[in-house]
$ cat protein09.txt   # compact mmCIF, C-alpha atoms and all ligand atoms
# COMPACT_ATOMS: atom_id res chain seq x y z
CA MET A 1306 0.00 0.00 0.00
CA ASN A 1307 1.50 3.34 -1.08
CA ILE A 1308 0.61 6.39 1.01
CA LEU A 1309 1.34 9.99 0.05
CA GLY A 1310 2.02 11.86 3.31
CA ILE A 1311 1.83 15.63 3.64
CA GLU A 1312 3.15 17.61 6.61
CA SER A 1313 2.84 21.38 7.14
CA SER A 1314 2.41 21.92 10.88
CA CYS A 1315 5.01 24.65 11.32
CA ASP A 1316 7.76 26.02 9.06
CA GLU A 1317 8.48 22.83 7.08
CA THR A 1318 6.54 21.82 3.98
CA ALA A 1319 7.05 18.12 3.41
CA ALA A 1320 5.70 15.33 1.22
CA ALA A 1321 6.71 11.67 1.09
CA VAL A 1322 5.59 8.40 -0.42
CA VAL A 1323 5.95 5.39 1.88
CA ARG A 1324 5.10 1.77 0.99
CA ASP A 1325 3.49 -0.40 3.68
CA GLY A 1326 4.56 1.99 6.45
CA THR A 1327 8.21 1.03 6.12
CA GLU A 1328 9.72 1.53 2.68
CA ILE A 1329 10.54 5.16 1.89
CA LEU A 1330 10.01 5.76 -1.85
CA SER A 1331 10.58 9.51 -1.58
CA SER A 1332 10.88 12.27 1.00
CA ILE A 1333 10.99 15.97 0.12
CA ILE A 1334 11.26 18.81 2.65
CA SER A 1335 11.30 22.58 2.14
CA SER A 1336 11.65 24.98 5.02
CA SER A 1337 11.14 28.68 5.66
CA HIS A 1338 13.30 28.38 8.79
CA GLN A 1339 15.99 30.83 7.63
CA LEU A 1340 13.43 33.51 6.72
CA HIS A 1341 12.32 33.74 10.35
CA ALA A 1342 15.81 34.44 11.73
CA GLN A 1343 15.42 38.23 11.67
CA PHE A 1344 12.25 38.03 13.82
CA GLY A 1345 13.79 35.99 16.64
CA GLY A 1346 11.22 33.21 16.28
CA ILE A 1347 8.76 31.74 13.82
CA LEU A 1348 6.36 34.27 12.36
CA PRO A 1349 3.12 32.28 11.75
CA GLU A 1350 1.87 34.55 8.97
CA LEU A 1351 5.14 34.26 7.06
CA ALA A 1352 5.29 30.49 7.67
CA SER A 1353 1.84 29.95 6.13
CA ARG A 1354 2.57 32.13 3.11
CA GLU A 1355 5.71 30.14 2.45
CA GLN A 1356 3.75 26.90 2.87
CA LEU A 1357 1.49 28.10 0.10
CA SER A 1358 4.35 28.63 -2.34
CA TYR A 1359 6.20 25.38 -1.48
CA MET A 1360 3.23 23.02 -1.22
CA LEU A 1361 2.55 21.96 -4.82
CA PRO A 1362 6.21 21.85 -5.96
CA VAL A 1363 7.09 19.69 -2.92
CA ILE A 1364 4.21 17.25 -3.58
CA GLN A 1365 5.09 17.12 -7.26
CA LYS A 1366 8.73 16.34 -6.49
CA ALA A 1367 7.79 13.65 -3.98
CA LEU A 1368 5.55 11.92 -6.55
CA TYR A 1369 8.04 12.07 -9.42
CA SER A 1370 10.90 10.90 -7.16
CA ALA A 1371 8.84 7.93 -6.02
CA PHE A 1372 7.72 6.97 -9.53
CA PRO A 1373 10.46 8.26 -11.88
CA ASN A 1374 9.19 6.39 -14.93
CA GLU A 1375 5.87 8.20 -14.98
CA LYS A 1376 5.44 11.15 -17.32
CA SER A 1377 2.60 13.01 -15.60
CA ILE A 1378 1.39 13.72 -12.08
CA GLN A 1379 -1.87 11.95 -12.92
CA ASP A 1380 0.11 8.81 -13.77
CA THR A 1381 2.11 8.98 -10.52
CA MET A 1382 -1.16 9.28 -8.59
CA LYS A 1383 -2.33 5.93 -9.99
CA HIS A 1384 0.22 4.30 -7.65
CA ILE A 1385 -1.13 6.08 -4.55
CA ASP A 1386 -3.67 4.16 -2.45
CA ALA A 1387 -4.34 6.79 0.23
CA LEU A 1388 -3.44 10.30 1.33
CA ALA A 1389 -2.25 11.18 4.83
CA VAL A 1390 -2.03 14.67 6.28
CA THR A 1391 -1.07 16.31 9.55
CA VAL A 1392 -4.26 17.78 11.03
CA GLY A 1393 -2.59 19.00 14.25
CA PRO A 1394 -1.14 20.11 16.55
CA GLY A 1395 0.54 23.10 14.93
CA LEU A 1396 0.07 26.61 13.58
CA ILE A 1397 -3.40 27.10 12.09
CA GLY A 1398 -2.24 28.93 8.95
CA SER A 1399 0.43 26.33 8.20
CA LEU A 1400 -1.83 23.35 8.97
CA LEU A 1401 -4.56 24.70 6.71
CA MET A 1402 -2.22 24.73 3.71
CA GLY A 1403 -1.51 21.00 4.00
CA VAL A 1404 -5.03 20.01 5.02
CA GLU A 1405 -6.84 21.96 2.31
CA THR A 1406 -4.39 20.87 -0.38
CA THR A 1407 -4.85 17.22 0.61
CA LYS A 1408 -8.63 17.62 0.63
CA THR A 1409 -8.50 19.09 -2.86
CA ILE A 1410 -6.41 16.15 -4.11
CA ALA A 1411 -8.93 13.78 -2.50
CA PHE A 1412 -11.83 15.66 -4.09
CA ILE A 1413 -10.29 15.36 -7.55
CA THR A 1414 -8.94 11.81 -7.31
CA GLY A 1415 -11.43 10.16 -4.94
CA LYS A 1416 -8.59 8.82 -2.77
CA PRO A 1417 -9.29 8.34 0.95
CA ILE A 1418 -7.59 10.60 3.54
CA ILE A 1419 -6.07 9.46 6.83
CA PRO A 1420 -5.80 12.35 9.34
CA VAL A 1421 -2.60 12.28 11.39
CA ASN A 1422 -1.54 13.60 14.80
CA HIS A 1423 1.89 15.03 14.08
CA VAL A 1424 3.32 14.45 17.57
CA LEU A 1425 2.48 10.74 17.63
CA ALA A 1426 3.68 10.42 14.04
CA HIS A 1427 7.22 11.37 15.09
CA LEU A 1428 7.55 7.89 16.65
CA TYR A 1429 6.87 6.18 13.33
CA ALA A 1430 10.25 7.21 11.99
CA ASN A 1431 11.35 4.15 13.99
CA MET A 1432 8.96 1.86 12.10
CA THR A 1433 10.76 2.66 8.83
CA GLN A 1434 13.98 1.26 10.30
CA THR A 1435 12.77 -2.06 11.69
CA GLU A 1436 9.59 -4.08 11.82
CA THR A 1437 10.51 -5.86 15.01
CA ILE A 1438 10.04 -3.55 17.95
CA PRO A 1439 9.20 -5.48 21.10
CA PHE A 1440 6.15 -4.08 22.89
CA PRO A 1441 5.20 -2.78 25.37
CA ALA A 1442 7.47 0.24 24.93
CA ILE A 1443 7.98 3.63 26.48
CA ALA A 1444 8.04 6.33 23.81
CA LEU A 1445 9.52 9.78 24.31
CA VAL A 1446 8.60 12.50 21.81
CA VAL A 1447 10.85 15.53 22.21
CA SER A 1448 10.34 18.38 19.76
CA GLY A 1449 10.17 22.17 19.63
CA GLY A 1450 6.66 22.22 21.08
CA HIS A 1451 6.32 18.87 22.87
CA THR A 1452 7.96 16.69 25.50
CA GLU A 1453 5.65 13.71 25.96
CA LEU A 1454 5.94 10.20 27.35
CA PHE A 1455 3.67 7.42 26.13
CA LEU A 1456 3.20 3.82 27.08
CA MET A 1457 2.85 2.03 23.73
CA LYS A 1458 1.22 -1.38 24.00
CA SER A 1459 1.45 -2.01 20.25
CA LYS A 1460 2.01 0.01 17.08
CA THR A 1461 -1.50 1.44 17.45
CA GLU A 1462 -2.31 1.54 21.17
CA TYR A 1463 -0.94 4.33 23.35
CA GLN A 1464 -1.48 5.84 26.72
CA TRP A 1465 -0.08 9.28 27.57
CA ILE A 1466 1.74 8.98 30.88
CA GLY A 1467 3.53 12.30 31.32
CA GLY A 1468 4.75 15.45 29.66
CA THR A 1469 6.01 18.93 30.21
CA ILE A 1470 4.07 21.16 32.56
CA ASP A 1471 5.45 24.30 30.90
CA ASP A 1472 8.05 24.60 28.10
CA ALA A 1473 9.19 21.80 25.80
CA ALA A 1474 12.81 20.58 25.79
CA GLY A 1475 13.21 21.92 22.24
CA GLU A 1476 12.03 25.32 23.35
CA ALA A 1477 14.69 25.37 26.09
CA PHE A 1478 17.29 24.55 23.42
CA ASP A 1479 15.89 27.22 21.07
CA LYS A 1480 15.65 30.01 23.67
CA GLY A 1481 19.06 29.02 25.06
CA ALA A 1482 20.58 29.23 21.58
CA ARG A 1483 19.20 32.72 21.06
CA LEU A 1484 20.43 33.89 24.46
CA LEU A 1485 23.93 32.53 23.86
CA GLY A 1486 24.15 34.23 20.45
CA PHE A 1487 23.50 31.28 18.11
CA GLY A 1488 20.50 32.96 16.44
CA ASN A 1489 17.68 30.61 15.47
CA GLU A 1490 19.83 27.52 14.97
CA GLY A 1491 18.39 25.98 18.17
CA GLY A 1492 19.49 22.65 19.60
CA LYS A 1493 21.71 21.88 16.63
CA ALA A 1494 23.91 24.93 17.42
CA ILE A 1495 23.94 24.16 21.15
CA ALA A 1496 25.05 20.59 20.40
CA LYS A 1497 27.82 21.80 18.06
CA ALA A 1498 29.13 24.34 20.60
CA ALA A 1499 28.89 21.85 23.48
CA GLN A 1500 31.12 19.44 21.57
CA LEU A 1501 33.93 22.01 21.71
CA TYR A 1502 33.75 22.30 25.48
CA THR A 1503 36.42 20.77 27.68
CA SER A 1504 36.76 21.59 31.38
CA ASP A 1505 40.26 23.02 30.86
CA ILE A 1506 39.20 25.74 28.38
CA SER A 1507 37.20 27.56 31.02
CA ASP A 1508 37.39 27.88 34.80
CA THR A 1509 33.73 28.84 34.95
CA LYS A 1510 31.63 27.11 37.57
CA LEU A 1511 28.18 26.63 36.11
CA ALA A 1512 25.63 24.24 37.58
CA LEU A 1513 22.17 24.58 36.07
CA PRO A 1514 19.17 22.90 37.74
CA ARG A 1515 17.78 19.52 36.60
CA PRO A 1516 14.06 20.34 37.06
CA LEU A 1517 11.78 17.60 38.46
CA LEU A 1518 14.64 15.07 38.24
CA HIS A 1519 13.73 13.40 41.52
CA ASP A 1520 10.00 14.06 41.86
CA ASN A 1521 7.43 11.27 41.84
CA THR A 1522 5.79 12.10 38.54
CA LEU A 1523 6.67 11.42 34.92
CA ASN A 1524 6.40 15.11 34.12
CA PHE A 1525 9.01 17.54 32.89
CA SER A 1526 9.56 21.27 33.39
CA PHE A 1527 12.02 23.40 31.43
CA SER A 1528 10.88 26.95 32.07
CA GLY A 1529 12.89 27.38 35.32
CA LEU A 1530 15.99 26.07 33.53
CA LYS A 1531 15.63 28.81 30.94
CA THR A 1532 15.38 31.44 33.69
CA ALA A 1533 18.41 30.00 35.52
CA LEU A 1534 20.41 30.07 32.29
CA GLN A 1535 19.48 33.69 31.70
CA ARG A 1536 20.41 34.69 35.27
CA GLU A 1537 23.84 33.05 35.00
CA TRP A 1538 24.43 34.49 31.54
CA VAL A 1539 23.88 38.03 32.84
CA LYS A 1540 26.51 37.37 35.53
CA GLN A 1541 29.12 35.59 33.44
CA SER A 1542 28.74 36.39 29.74
CA ASN A 1543 31.90 38.51 29.55
CA LYS A 1544 34.22 35.64 30.55
CA PRO A 1545 36.42 34.01 27.85
CA ASN A 1546 35.15 30.82 26.11
CA ILE A 1547 31.94 31.12 28.05
CA GLN A 1548 29.52 30.27 25.22
CA THR A 1549 30.69 26.69 24.86
CA CYS A 1550 30.60 26.17 28.63
CA PHE A 1551 26.98 27.39 28.81
CA ALA A 1552 25.98 25.33 25.76
CA TYR A 1553 27.54 22.22 27.33
CA GLU A 1554 25.80 22.65 30.68
CA LEU A 1555 22.44 23.45 29.10
CA GLN A 1556 22.64 20.30 26.99
CA GLU A 1557 23.72 18.24 30.03
CA ALA A 1558 20.82 19.55 32.13
CA ILE A 1559 18.15 18.90 29.48
CA THR A 1560 19.44 15.46 28.50
CA ASP A 1561 19.93 14.32 32.11
CA VAL A 1562 16.26 14.91 32.86
CA LEU A 1563 14.97 13.41 29.59
CA VAL A 1564 16.96 10.21 30.08
CA ALA A 1565 16.20 9.81 33.81
CA LYS A 1566 12.44 10.25 33.41
CA THR A 1567 12.21 7.96 30.39
CA ILE A 1568 14.12 5.18 32.15
CA LYS A 1569 12.01 5.68 35.27
CA ALA A 1570 8.89 5.20 33.12
CA ALA A 1571 10.40 2.08 31.50
CA GLU A 1572 11.05 0.60 34.96
CA ILE A 1573 7.62 1.48 36.34
CA TYR A 1574 5.81 -0.09 33.39
CA ASN A 1575 8.33 -2.92 33.02
CA VAL A 1576 8.51 -2.52 29.24
CA SER A 1577 10.71 -4.22 26.66
CA SER A 1578 11.83 -1.17 24.67
CA ILE A 1579 12.36 2.56 24.59
CA LEU A 1580 11.50 4.58 21.45
CA LEU A 1581 12.64 8.13 20.75
CA GLY A 1582 11.24 10.63 18.25
CA GLY A 1583 11.08 14.35 17.45
CA GLY A 1584 13.69 17.00 16.61
CA VAL A 1585 15.53 16.81 19.95
CA ALA A 1586 16.02 13.05 19.43
CA ALA A 1587 18.65 14.12 16.85
CA ASN A 1588 20.83 15.18 19.78
CA VAL A 1589 23.94 13.02 19.86
CA ARG A 1590 24.60 13.52 23.58
CA LEU A 1591 21.04 12.40 24.35
CA ARG A 1592 21.65 9.23 22.32
CA GLU A 1593 24.96 8.61 24.11
CA LYS A 1594 23.28 8.85 27.50
CA PHE A 1595 20.49 6.49 26.43
CA GLN A 1596 23.14 3.94 25.41
CA LEU A 1597 23.96 3.63 29.14
CA ARG A 1598 20.39 2.59 30.04
CA PRO A 1599 19.70 -0.74 31.82
CA GLN A 1600 20.24 -3.25 29.02
CA GLN A 1601 16.92 -5.04 29.46
CA PHE A 1602 15.36 -2.17 27.49
CA GLN A 1603 16.00 -2.28 23.75
CA LEU A 1604 16.59 1.19 22.35
CA PHE A 1605 15.22 2.56 19.07
CA PHE A 1606 15.88 6.00 17.64
CA PRO A 1607 15.37 7.31 14.11
CA PRO A 1608 18.15 8.39 11.75
CA ILE A 1609 18.94 12.09 12.27
CA GLU A 1610 17.12 13.22 9.10
CA LEU A 1611 13.87 11.58 10.25
CA CYS A 1612 13.91 13.21 13.71
CA THR A 1613 12.92 16.72 12.64
CA ASP A 1614 9.67 17.40 10.80
CA ASN A 1615 9.15 15.34 7.65
CA ALA A 1616 6.31 13.56 5.87
CA VAL A 1617 7.69 10.01 6.06
CA THR A 1618 6.48 9.81 9.65
CA ILE A 1619 3.02 11.00 8.56
CA ALA A 1620 2.69 8.35 5.84
CA SER A 1621 4.04 5.60 8.10
CA TYR A 1622 1.69 6.48 10.98
CA ALA A 1623 -1.20 6.50 8.51
CA TYR A 1624 -0.38 2.99 7.28
CA TYR A 1625 -0.67 1.56 10.80
CA HIS A 1626 -3.89 3.43 11.57
CA GLN A 1627 -5.78 3.37 8.25
CA LEU A 1628 -8.78 5.21 9.66
CA THR A 1629 -9.84 6.76 6.40
CA HIS A 1630 -12.20 9.71 6.32
CA ASN A 1631 -14.22 11.50 3.71
CA TYR A 1632 -12.44 14.75 2.83
CA ARG A 1633 -15.42 16.75 4.16
CA ASP A 1634 -14.73 15.49 7.71
CA ILE A 1635 -11.06 16.51 7.83
CA THR A 1636 -10.30 19.73 9.71
CA ALA A 1637 -7.08 21.42 10.77
CA THR A 1638 -6.95 21.32 14.60
CA PRO A 1639 -4.12 23.49 16.00
CA SER A 1640 -4.49 22.31 19.60
CA LEU A 1641 -5.07 18.62 18.81
CA SER A 1642 -4.43 16.73 22.05
CA VAL A 1643 -1.69 14.16 22.51
CA GLU A 1644 -3.24 12.78 25.70
CA VAL A 1645 -4.63 9.63 24.12
O1 LIG A 1701 10.20 17.88 15.57
P1 LIG A 1701 10.71 19.20 15.18
O2 LIG A 1701 11.39 19.32 13.84
O3 LIG A 1701 9.58 20.27 15.16
C1 LIG A 1701 8.53 20.31 16.06
O4 LIG A 1701 7.58 19.54 15.88
O5 LIG A 1701 8.64 21.12 17.00
O6 LIG A 1701 11.70 19.67 16.34
C2 LIG A 1701 12.36 20.90 16.30
C3 LIG A 1701 13.16 21.02 17.57
C4 LIG A 1701 13.77 22.40 17.78
O7 LIG A 1701 13.47 22.83 19.08
C5 LIG A 1701 15.26 22.17 17.59
O8 LIG A 1701 16.06 23.06 18.37
C6 LIG A 1701 15.41 20.75 18.07
O9 LIG A 1701 14.27 20.08 17.56
N1 LIG A 1701 16.62 20.09 17.55
C7 LIG A 1701 17.64 19.67 18.35
C8 LIG A 1701 18.63 19.15 17.50
N2 LIG A 1701 18.19 19.25 16.21
C9 LIG A 1701 16.96 19.82 16.28
N3 LIG A 1701 17.77 19.72 19.69
C10 LIG A 1701 18.91 19.23 20.22
N4 LIG A 1701 19.92 18.72 19.48
C11 LIG A 1701 19.82 18.65 18.13
N5 LIG A 1701 20.82 18.12 17.41
ZN ZN A 1702 7.61 17.88 14.91
$ encode --input "protein09.txt" --output "structure tokens"
Amino acid sequence: MNILGIESSCDETAAAVVRDGTEILSSIISSSHQLHAQFGGILPELASREQLSYMLPVIQKALYSAFPNEKSIQDTMKHIDALAVTVGPGLIGSLLMGVETTKTIAFITGKPIIPVNHVLAHLYANMTQTETIPFPAIALVVSGGHTELFLMKSKTEYQWIGGTIDDAAGEAFDKGARLLGFGNEGGKAIAKAAQLYTSDISDTKLALPRPLLHDNTLNFSFSGLKTALQREWVKQSNKPNIQTCFAYELQEAITDVLVAKTIKAAEIYNVSSILLGGGVAANVRLREKFQLRPQQFQLFFPPIELCTDNAVTIASYAYYHQLTHNYRDITATPSLSVEV
């Protein structure tokens, strides 16, 4: 079964064709990320306008890349069995571009649509790597807007068991990056700077908090960490080599909490595996720390390019859920809940 997935929840416009939830026939991503740099954050209006200009070329490229022998878009569409689209959560203007485009394609072609929750879909990047994930599993989705823990009983049954009570881990990376002078390059820039840090290049003493590390819940909190970082930065920013030291400690603080809470959940629910997904799962230090987990838990994380927003995850999720809808019943839902 070939599914055309479409993702437009934020500043990425993505389309992909995935066969049977696992085999990636194509994956195309365009992003307006750089355009937002001057505004110090994503400008929703600009993001949705850019979605509008990227949407059809991205879908076209995904279809031709998947079926290179076909001479027309209509011919490529003959190979598509269903459409899948992110309906939420995300920015309303951006979501609408993907949702309405997909509905139009369904209207013209008569293909069924499978609506997709973008946050849950992040986990399906793992399904494209292996078909043999032992369940039950604890799944951690860490992205720019979400830090959520799920108990997954199978590829289709989840229970939300904890999440952030304020900011997401990705947001702490993003705000930290801006504060430390890395612009809007977010966690990627923090990770790069942190790699350069060694304790002998700076005599700075910096110990950021590990929020909720030892509490009894499976929740996270990153807003106090951001404030602590800011307070220390005001005091110490004029010291030499200070940026790398701050980047290192911020990354250590965030990853310590993510790993500890996920392993705690795995122990409580006595699961067989741990699954990671979302943009922050691209973090190499996070992966290193997870390698040191108790070995009874098998670990699965996606390749770096499938961690951040893409449409492969949307098409793969759709394959395992196959709850098709008439295009009239599909609506963009910015605050779609993840507490399933
Ligand atoms: O999943 P994603 O592409 O978009 C959302 O759904 O939010 O995640 C984006 C987030 C950003 O906060 C970005 O800073 C973070 O993923 N990110 C990273 C890394 N690469 C991207 N965080 C830490 N280390 C990275 N290497
Ligand atoms: Zn995402």
$ closest_residue --input "protein09.txt" --among "A:Asp1386, A:Glu1405, A:Glu1328, A:Asp1316" --to "Gln1627 of chain A" --atoms "all atoms listed in the file"
A:Asp1386
$ atom_distance --input "protein09.txt" --atom1 "atom CA of Phe1455 of chain A" --atom2 "atom CA of Ile1568 of chain A"
12.3 Å
$ closest_residue --input "protein09.txt" --among "A:Lys1544, A:Arg1536, A:Lys1408, A:His1338" --to "ligand LIG 1701 (chain A)" --atoms "all atoms listed in the file"
A:His1338
$ atom_distance --input "protein09.txt" --atom1 "atom CA of Thr1327 of chain A" --atom2 "atom CA of Pro1608 of chain A"
13.6 Å
$ residues_near_ligand --input "protein09.txt" --ligand "ligand ZN 1702 (chain A)" --cutoff "10 Å" --atoms "all atoms listed in the file" --output "count of residues only"
27
$ residues_around --input "protein09.txt" --residues "Gln1379 of chain A" --least-positions-apart "2" --cutoff "12 Å" --atoms "all atoms listed in the file" --output "list of chain:residue names"
A:Gln1365, A:Leu1368, A:Tyr1369, A:Phe1372, A:Glu1375, A:Lys1376, A:Ser1377, A:Thr1381, A:Met1382, A:Lys1383, A:His1384, A:Ile1385, A:Ile1410, A:Ile1413, A:Thr1414
$ atom_distance --input "protein09.txt" --atom1 "atom CA of Lys1416 of chain A" --atom2 "atom CA of Asp1380 of chain A"
14.0 Å
$ residues_around --input "protein09.txt" --residues "Glu1593 of chain A" --least-positions-apart "6" --cutoff "12 Å" --atoms "all atoms listed in the file" --output "list in words"
Glu1557, Thr1560, Asp1561, Val1564, Ala1586, Ala1587, Leu1604 and Phe1606 of chain A
$ axis_aligned_box --input "protein09.txt" --around "ligand LIG 1701 (chain A)" --padding-each-side "6 Å" --output "AutoDock Vina command-line options"
--center_x 14.2 --center_y 20.5 --center_z 17.0 --size_x 25.2 --size_y 17.2 --size_z 18.4
$ closest_residue --input "protein09.txt" --among "A:Leu1396, A:Leu1641, A:Ala1319, A:Leu1456" --to "Leu1351 of chain A" --atoms "all atoms listed in the file"
A:Leu1396
$ build_atoms --input "protein09.txt" --residues "segment 1558-1579 of chain A" --atoms "N, CA and C atoms" --output "short mmCIF file (atom, residue, chain, number, x, y, z; two decimals), in the coordinates of the input"
data_model
loop_
_atom_site.label_atom_id
_atom_site.label_comp_id
_atom_site.auth_asym_id
_atom_site.auth_seq_id
_atom_site.Cartn_x
_atom_site.Cartn_y
_atom_site.Cartn_z
N ALA A 1558 22.00 19.45 31.26
CA ALA A 1558 20.82 19.55 32.13
C ALA A 1558 19.59 18.97 31.45
N ILE A 1559 19.36 19.37 30.19
CA ILE A 1559 18.15 18.90 29.48
C ILE A 1559 18.22 17.39 29.27
N THR A 1560 19.36 16.90 28.82
CA THR A 1560 19.44 15.46 28.50
C THR A 1560 19.41 14.60 29.76
N ASP A 1561 20.00 15.09 30.85
CA ASP A 1561 19.93 14.32 32.11
C ASP A 1561 18.48 14.03 32.49
N VAL A 1562 17.66 15.07 32.42
CA VAL A 1562 16.26 14.91 32.86
C VAL A 1562 15.49 14.01 31.88
N LEU A 1563 15.70 14.21 30.58
CA LEU A 1563 14.97 13.41 29.59
C LEU A 1563 15.27 11.92 29.75
N VAL A 1564 16.56 11.62 29.96
CA VAL A 1564 16.96 10.21 30.08
C VAL A 1564 16.42 9.61 31.38
N ALA A 1565 16.60 10.35 32.50
CA ALA A 1565 16.20 9.81 33.81
C ALA A 1565 14.70 9.52 33.84
N LYS A 1566 13.90 10.45 33.33
CA LYS A 1566 12.44 10.25 33.41
C LYS A 1566 11.98 9.13 32.48
N THR A 1567 12.61 9.01 31.34
CA THR A 1567 12.21 7.96 30.39
C THR A 1567 12.54 6.58 30.97
N ILE A 1568 13.73 6.48 31.58
CA ILE A 1568 14.12 5.18 32.15
C ILE A 1568 13.24 4.85 33.37
N LYS A 1569 12.92 5.89 34.14
CA LYS A 1569 12.01 5.68 35.27
C LYS A 1569 10.67 5.11 34.77
N ALA A 1570 10.16 5.69 33.69
CA ALA A 1570 8.89 5.20 33.12
C ALA A 1570 9.04 3.75 32.65
N ALA A 1571 10.17 3.45 32.01
CA ALA A 1571 10.40 2.08 31.50
C ALA A 1571 10.42 1.08 32.66
N GLU A 1572 11.00 1.50 33.79
CA GLU A 1572 11.05 0.60 34.96
C GLU A 1572 9.67 0.44 35.59
N ILE A 1573 8.95 1.55 35.73
CA ILE A 1573 7.62 1.48 36.34
C ILE A 1573 6.71 0.55 35.55
N TYR A 1574 6.74 0.69 34.23
CA TYR A 1574 5.81 -0.09 33.39
C TYR A 1574 6.41 -1.42 32.92
N ASN A 1575 7.66 -1.66 33.33
CA ASN A 1575 8.33 -2.92 33.02
C ASN A 1575 8.24 -3.28 31.53
N VAL A 1576 8.66 -2.34 30.68
CA VAL A 1576 8.51 -2.52 29.24
C VAL A 1576 9.72 -3.24 28.64
N SER A 1577 9.61 -3.53 27.36
CA SER A 1577 10.71 -4.22 26.66
C SER A 1577 11.60 -3.24 25.91
N SER A 1578 11.01 -2.09 25.47
CA SER A 1578 11.83 -1.17 24.67
C SER A 1578 11.54 0.28 24.99
N ILE A 1579 12.48 1.10 24.50
CA ILE A 1579 12.36 2.56 24.59
C ILE A 1579 12.47 3.10 23.16
#
